[in-house]
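This report concerns only the one structure given below.
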Amino acid sequence: MAQEQPKPAPVCGGDMMARGVAKSVIDGRTFALDDGSEVRLAAVEVPPLESGVAPGAAAKAALDALIGGDEVVLRRADIATDRYGRRVAYAYAVRDGEELFAQGELIASGFARVGDHVGSRTCASELLKSENAARAAKLGLWADSHYDVLDAETAADVLARRGRFALVEGKVVSVRESGATIYVNFGRRWSEDFTVTVLKRNERNFTAAGLDLKGLAGRRIRVRGFIEARGGTGRSPWIEADYPEQIETADLR
C-alpha cells in the first residue's frame with residue numbers, strides 16, 4: 001500500500017503557534033479566539049471599519065465568511081504581537097482536513113492589500129501576484145477609485161493620503177545618499193516631489209532580496225506604505241521603505 005505523501009509546507013507562515021476557534025470577527029483583519037485572545041492578520045492592510053466606508057465592512061464580512069466559527073491554525077509571523085498585545089499571525093481555517101489561507105483569500109478577492117511587511121520573499125511574491133490579479137479584475141476595493149495606485153508625478157494627490165496606506169507608482173529620477181539615508185527620488189524638487197527613503201542599515205535586506213536600490217534610477221517602480229510629509233513646508237510626500245516587499249519592479253512599464 002502506497003504511503004501517504006506529506007503535505008507541502010505552507011508558502012506563508014512558519015510553524016504552528018496556536019490553534020483555536022474563531023469566535024468573533026472584529027474587523028477585516030482582526031478576530032478573537034475562543035480563549036479570549038485577539039489575533040491580527042500578518043502581511044495585509046484592509047480598509048478601516050468606519051461608518052459609511054463600504055470596503056471596510058466588506059472586508060469584515062469576507063473574513064467572517066472565511067473563518068467565523070471555524071477551527072483556525074495560527075502560523076508564526078516575523079512579529080509575534082503588535083503594540084496592543086494582539087497576536088500577529090498567518091491564519092488558516094481548517095475545513096475537511098485542509099487549511100484555507102485567510103490572507104491569501106482576502107487578497108485574491110480584493111478585500112485586502114498586501115501590507116508593508118511580509119517577511120518571506122516567497123510569500124510576498126505569491127501575495128503580490130494575487131493582488132495584481134485582483135486589481136486588474138477590479139475586484140472588491142479595487143472597484144473603488146479611492147484605492148487606485150497613485151501617480152508619483154502628482155505629489156499633491158499623494159500628499160492628500162497622508163497618514164494612510166497607499167500604493168504609489170512612477171519613474172525614479174535619481175537615487176542619492178545623505179548621512180544614514182538613501183533617497184529614491186521621483187522628481188528634482190526634493191521639497192515638493194514624492195520620495196522613498198531607505199535607512200542605509202536596511203540596504204543589505206534589499207540587496208539580499210535581489211533589489212539594487214542604486215540601480216532603480218530610470219526605472220518605473222511601485223511602492224507601498226504609509227504616506228508621510230517631510231521638509232520644512234510639509235509639502236513633500238514620502239514613504240519610508242523598511243522591507244524589500246514594499247518595492248515592486250517586475251512587469252511595470
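We label chains A, B, ... in the order they appear in the C-alpha cells, count residues from 1 in each chain, and number ligands from 1 in the order shown.
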Residues within 9 Å of region 126-141 of chain A, please, as a list in words. Count only C-alpha atoms; anything in the same chain fewer than 5 positions from it doesn't count.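 Close residues of region 126-141 of chain A: Val11, Cys12, Ala43, Pro47, Ala54, Pro55, Gly56, Ala58, Ala59, Gln103, Gly104, Glu105, Ile107, Ala108, Ser109, Gly110, Phe111, Ala112, Arg113, Val114, Arg121, His146, Tyr147, Asp148, Glu245 and Glu248 of chain A.
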Would you mind exporting C-alpha atoms of the selected residues as a PDB file, in the first residue's frame?
ATOM      1  CA  VAL A  11       4.072  29.264   1.477  1.00  0.00           C
ATOM      2  CA  CYS A  12       3.197  31.853   4.119  1.00  0.00           C
ATOM      3  CA  ALA A  43       1.033  40.927   5.941  1.00  0.00           C
ATOM      4  CA  PRO A  47      -9.842  49.484   4.634  1.00  0.00           C
ATOM      5  CA  ALA A  54     -18.243  50.064   2.322  1.00  0.00           C
ATOM      6  CA  PRO A  55     -14.874  48.357   1.636  1.00  0.00           C
ATOM      7  CA  GLY A  56     -14.137  48.159   5.375  1.00  0.00           C
ATOM      8  CA  ALA A  58     -16.985  44.184   3.115  1.00  0.00           C
ATOM      9  CA  ALA A  59     -13.557  43.111   4.385  1.00  0.00           C
ATOM     10  CA  GLN A 103      -4.822  36.318   3.988  1.00  0.00           C
ATOM     11  CA  GLY A 104      -4.448  34.752   0.562  1.00  0.00           C
ATOM     12  CA  GLU A 105      -8.207  34.555   0.062  1.00  0.00           C
ATOM     13  CA  ILE A 107      -6.151  39.495  -1.180  1.00  0.00           C
ATOM     14  CA  ALA A 108      -7.208  37.330  -4.149  1.00  0.00           C
ATOM     15  CA  SER A 109     -10.815  38.509  -3.738  1.00  0.00           C
ATOM     16  CA  GLY A 110      -9.838  42.170  -3.481  1.00  0.00           C
ATOM     17  CA  PHE A 111     -10.832  42.696   0.150  1.00  0.00           C
ATOM     18  CA  ALA A 112      -7.269  43.404   1.323  1.00  0.00           C
ATOM     19  CA  ARG A 113      -3.954  44.722   0.036  1.00  0.00           C
ATOM     20  CA  VAL A 114      -0.516  43.300   0.695  1.00  0.00           C
ATOM     21  CA  ARG A 121      10.113  36.890  -0.103  1.00  0.00           C
ATOM     22  CA  HIS A 146     -10.170  55.778  -3.909  1.00  0.00           C
ATOM     23  CA  TYR A 147      -7.828  52.759  -3.862  1.00  0.00           C
ATOM     24  CA  ASP A 148      -6.278  53.344  -7.289  1.00  0.00           C
ATOM     25  CA  GLU A 245       8.439  43.747  -0.460  1.00  0.00           C
ATOM     26  CA  GLU A 248       7.910  46.224  -6.979  1.00  0.00           C
TER      27      GLU A 248
END
May I have all residues of region 1-250 of chain A that DSSP, computed from the backbone, assigns to strand (DSSP E), given as a ChimeraX atom specification? /A:16-27,30-33,38-41,44-45,71-81,87-95,98-101,113-114,150-151,165-171,174-178,181-185,195-199,220-226,228-230,236-240,247-248
Please produce, as a Markdown table, a per-residue contact table for region 44-75 of chain A versus region 81-91 of chain A (criterion: any atom at most 6 Å away, only C-alpha atoms considered), showing the nearest atom pair and its distance in Å to one decimal, sorted by chain then residue number.
| residue | atom | partner | partner_atom | distance |
| --- | --- | --- | --- | --- |
| A:Val73 | CA | A:Ala91 | CA | 5.8 |
| A:Leu74 | CA | A:Ala91 | CA | 4.8 |
| A:Arg75 | CA | A:Tyr90 | CA | 5.0 |
Hey, what's within 9 Å of Ile67 (chain A) if we count only C-alpha atoms and toss same-chain stuff fewer than 3 positions away? As a PDB file with N, CA, C and O atoms, in the first residue's frame, please?
ATOM      1  N   VAL A  21     -10.748  28.214  17.945  1.00  0.00           N
ATOM      2  CA  VAL A  21     -11.933  28.530  17.142  1.00  0.00           C
ATOM      3  C   VAL A  21     -12.072  30.047  17.040  1.00  0.00           C
ATOM      4  O   VAL A  21     -11.958  30.760  18.042  1.00  0.00           O
ATOM      5  N   ALA A  22     -12.293  30.527  15.818  1.00  0.00           N
ATOM      6  CA  ALA A  22     -12.515  31.960  15.604  1.00  0.00           C
ATOM      7  C   ALA A  22     -13.919  32.303  16.095  1.00  0.00           C
ATOM      8  O   ALA A  22     -14.908  32.087  15.395  1.00  0.00           O
ATOM      9  N   LYS A  23     -13.985  32.818  17.317  1.00  0.00           N
ATOM     10  CA  LYS A  23     -15.285  33.060  17.954  1.00  0.00           C
ATOM     11  C   LYS A  23     -15.981  34.283  17.397  1.00  0.00           C
ATOM     12  O   LYS A  23     -17.198  34.288  17.199  1.00  0.00           O
ATOM     13  N   VAL A  25     -15.364  37.981  14.719  1.00  0.00           N
ATOM     14  CA  VAL A  25     -14.544  38.811  13.834  1.00  0.00           C
ATOM     15  C   VAL A  25     -14.775  40.269  14.191  1.00  0.00           C
ATOM     16  O   VAL A  25     -15.922  40.730  14.250  1.00  0.00           O
ATOM     17  N   ALA A  62     -16.105  39.443   4.684  1.00  0.00           N
ATOM     18  CA  ALA A  62     -15.337  38.416   3.981  1.00  0.00           C
ATOM     19  C   ALA A  62     -14.527  37.563   4.949  1.00  0.00           C
ATOM     20  O   ALA A  62     -14.463  36.331   4.824  1.00  0.00           O
ATOM     21  N   LEU A  63     -13.891  38.211   5.933  1.00  0.00           N
ATOM     22  CA  LEU A  63     -13.119  37.456   6.921  1.00  0.00           C
ATOM     23  C   LEU A  63     -14.029  36.582   7.766  1.00  0.00           C
ATOM     24  O   LEU A  63     -13.684  35.431   8.075  1.00  0.00           O
ATOM     25  N   ASP A  64     -15.204  37.108   8.099  1.00  0.00           N
ATOM     26  CA  ASP A  64     -16.170  36.322   8.876  1.00  0.00           C
ATOM     27  C   ASP A  64     -16.594  35.077   8.104  1.00  0.00           C
ATOM     28  O   ASP A  64     -16.701  33.980   8.662  1.00  0.00           O
ATOM     29  N   ASP A  70     -15.062  28.755  12.693  1.00  0.00           N
ATOM     30  CA  ASP A  70     -14.243  27.617  12.277  1.00  0.00           C
ATOM     31  C   ASP A  70     -13.023  27.435  13.173  1.00  0.00           C
ATOM     32  O   ASP A  70     -12.568  28.370  13.835  1.00  0.00           O
ATOM     33  N   GLU A  71     -12.491  26.229  13.148  1.00  0.00           N
ATOM     34  CA  GLU A  71     -11.205  25.988  13.782  1.00  0.00           C
ATOM     35  C   GLU A  71     -10.137  26.671  12.932  1.00  0.00           C
ATOM     36  O   GLU A  71     -10.170  26.604  11.696  1.00  0.00           O
ATOM     37  N   VAL A  72      -9.210  27.344  13.589  1.00  0.00           N
ATOM     38  CA  VAL A  72      -8.190  28.113  12.894  1.00  0.00           C
ATOM     39  C   VAL A  72      -6.806  27.721  13.399  1.00  0.00           C
ATOM     40  O   VAL A  72      -6.589  27.579  14.607  1.00  0.00           O
ATOM     41  N   ALA A  91      -3.237  33.109   9.328  1.00  0.00           N
ATOM     42  CA  ALA A  91      -4.370  32.316   9.788  1.00  0.00           C
ATOM     43  C   ALA A  91      -4.874  31.377   8.694  1.00  0.00           C
ATOM     44  O   ALA A  91      -5.059  31.785   7.538  1.00  0.00           O
ATOM     45  N   TYR A  92      -5.100  30.137   9.092  1.00  0.00           N
ATOM     46  CA  TYR A  92      -5.607  29.113   8.182  1.00  0.00           C
ATOM     47  C   TYR A  92      -6.842  28.476   8.802  1.00  0.00           C
ATOM     48  O   TYR A  92      -6.780  27.907   9.896  1.00  0.00           O
ATOM     49  N   ALA A  93      -7.985  28.568   8.107  1.00  0.00           N
ATOM     50  CA  ALA A  93      -9.202  27.906   8.565  1.00  0.00           C
ATOM     51  C   ALA A  93      -9.129  26.426   8.196  1.00  0.00           C
ATOM     52  O   ALA A  93      -8.748  26.079   7.075  1.00  0.00           O
ATOM     53  N   VAL A  94      -9.471  25.567   9.135  1.00  0.00           N
ATOM     54  CA  VAL A  94      -9.406  24.124   8.904  1.00  0.00           C
ATOM     55  C   VAL A  94     -10.782  23.623   8.467  1.00  0.00           C
ATOM     56  O   VAL A  94     -11.750  23.724   9.212  1.00  0.00           O
ATOM     57  N   LEU A 100      -7.358  26.511   4.749  1.00  0.00           N
ATOM     58  CA  LEU A 100      -7.695  27.598   3.831  1.00  0.00           C
ATOM     59  C   LEU A 100      -7.018  28.874   4.334  1.00  0.00           C
ATOM     60  O   LEU A 100      -7.276  29.336   5.447  1.00  0.00           O
ATOM     61  N   ALA A 102      -6.378  32.434   5.036  1.00  0.00           N
ATOM     62  CA  ALA A 102      -7.245  33.611   5.134  1.00  0.00           C
ATOM     63  C   ALA A 102      -6.677  34.817   4.397  1.00  0.00           C
ATOM     64  O   ALA A 102      -7.377  35.460   3.600  1.00  0.00           O
TER      65      ALA A 102
END
Option closest in space to Ala160 (chain A), from A:Arg235, A:Arg95, A:Arg204, A:Arg176 [counting only C-alpha atoms]: A:Arg235
Using DSSP on the backbone, list every residue of region 40-100 of chain A that comes out as helix (DSSP H, G or I), and give them as a ChimeraX atom specification. /A:54-67
Using C-alpha atoms, can you export the residues from the last selection as a PDB file, in the first residue's frame?
ATOM      1  CA  ALA A  54     -18.243  50.064   2.322  1.00  0.00           C
ATOM      2  CA  PRO A  55     -14.874  48.357   1.636  1.00  0.00           C
ATOM      3  CA  GLY A  56     -14.137  48.159   5.375  1.00  0.00           C
ATOM      4  CA  ALA A  57     -17.469  46.485   6.114  1.00  0.00           C
ATOM      5  CA  ALA A  58     -16.985  44.184   3.115  1.00  0.00           C
ATOM      6  CA  ALA A  59     -13.557  43.111   4.385  1.00  0.00           C
ATOM      7  CA  LYS A  60     -15.004  42.266   7.797  1.00  0.00           C
ATOM      8  CA  ALA A  61     -17.821  40.243   6.206  1.00  0.00           C
ATOM      9  CA  ALA A  62     -15.337  38.416   3.981  1.00  0.00           C
ATOM     10  CA  LEU A  63     -13.119  37.456   6.921  1.00  0.00           C
ATOM     11  CA  ASP A  64     -16.170  36.322   8.876  1.00  0.00           C
ATOM     12  CA  ALA A  65     -17.207  34.103   5.963  1.00  0.00           C
ATOM     13  CA  LEU A  66     -13.677  32.675   5.746  1.00  0.00           C
ATOM     14  CA  ILE A  67     -13.033  31.841   9.391  1.00  0.00           C
TER      15      ILE A  67
END
Here is a test: counting only C-alpha atoms, which residue of A:Gly20, A:Tyr243, A:Asp35, A:Ala80 is nearest to Ala208 (chain A)? A:Tyr243
Identify, on the basis of only C-alpha atoms, every residue whose closest approach to Leu199 (chain A) does not exceed 7 Å; exclude the query and any residue fewer than 4 positions from it along the same chain; express the result as a list in words. Ala180, Thr181, Ile182 and Glu203 of chain A
Considering only C-alpha atoms, state which residue in the set A:Leu216, A:Val118, A:Leu106, A:Val223 is at the smallest distance from Asp151 (chain A).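 Of A:Leu216, A:Val118, A:Leu106, A:Val223, the one nearest Asp151 (chain A), counting only C-alpha atoms, is A:Val223.
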Nearest to Asn202 (chain A) by atom-to-atom distance, counting only C-alpha atoms, from A:Gly225, A:Gly187, A:Pro244, A:Gly14: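 Distance minimum relative to Asn202 (chain A) lands on A:Pro244.
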Which one of A:Val198, A:Ser174, A:Ile239, A:Ala209 sits closest to Ile227 (chain A) if you count only C-alpha atoms?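 Residue with the minimum atom-to-atom distance to Ile227 (chain A): A:Ile239.
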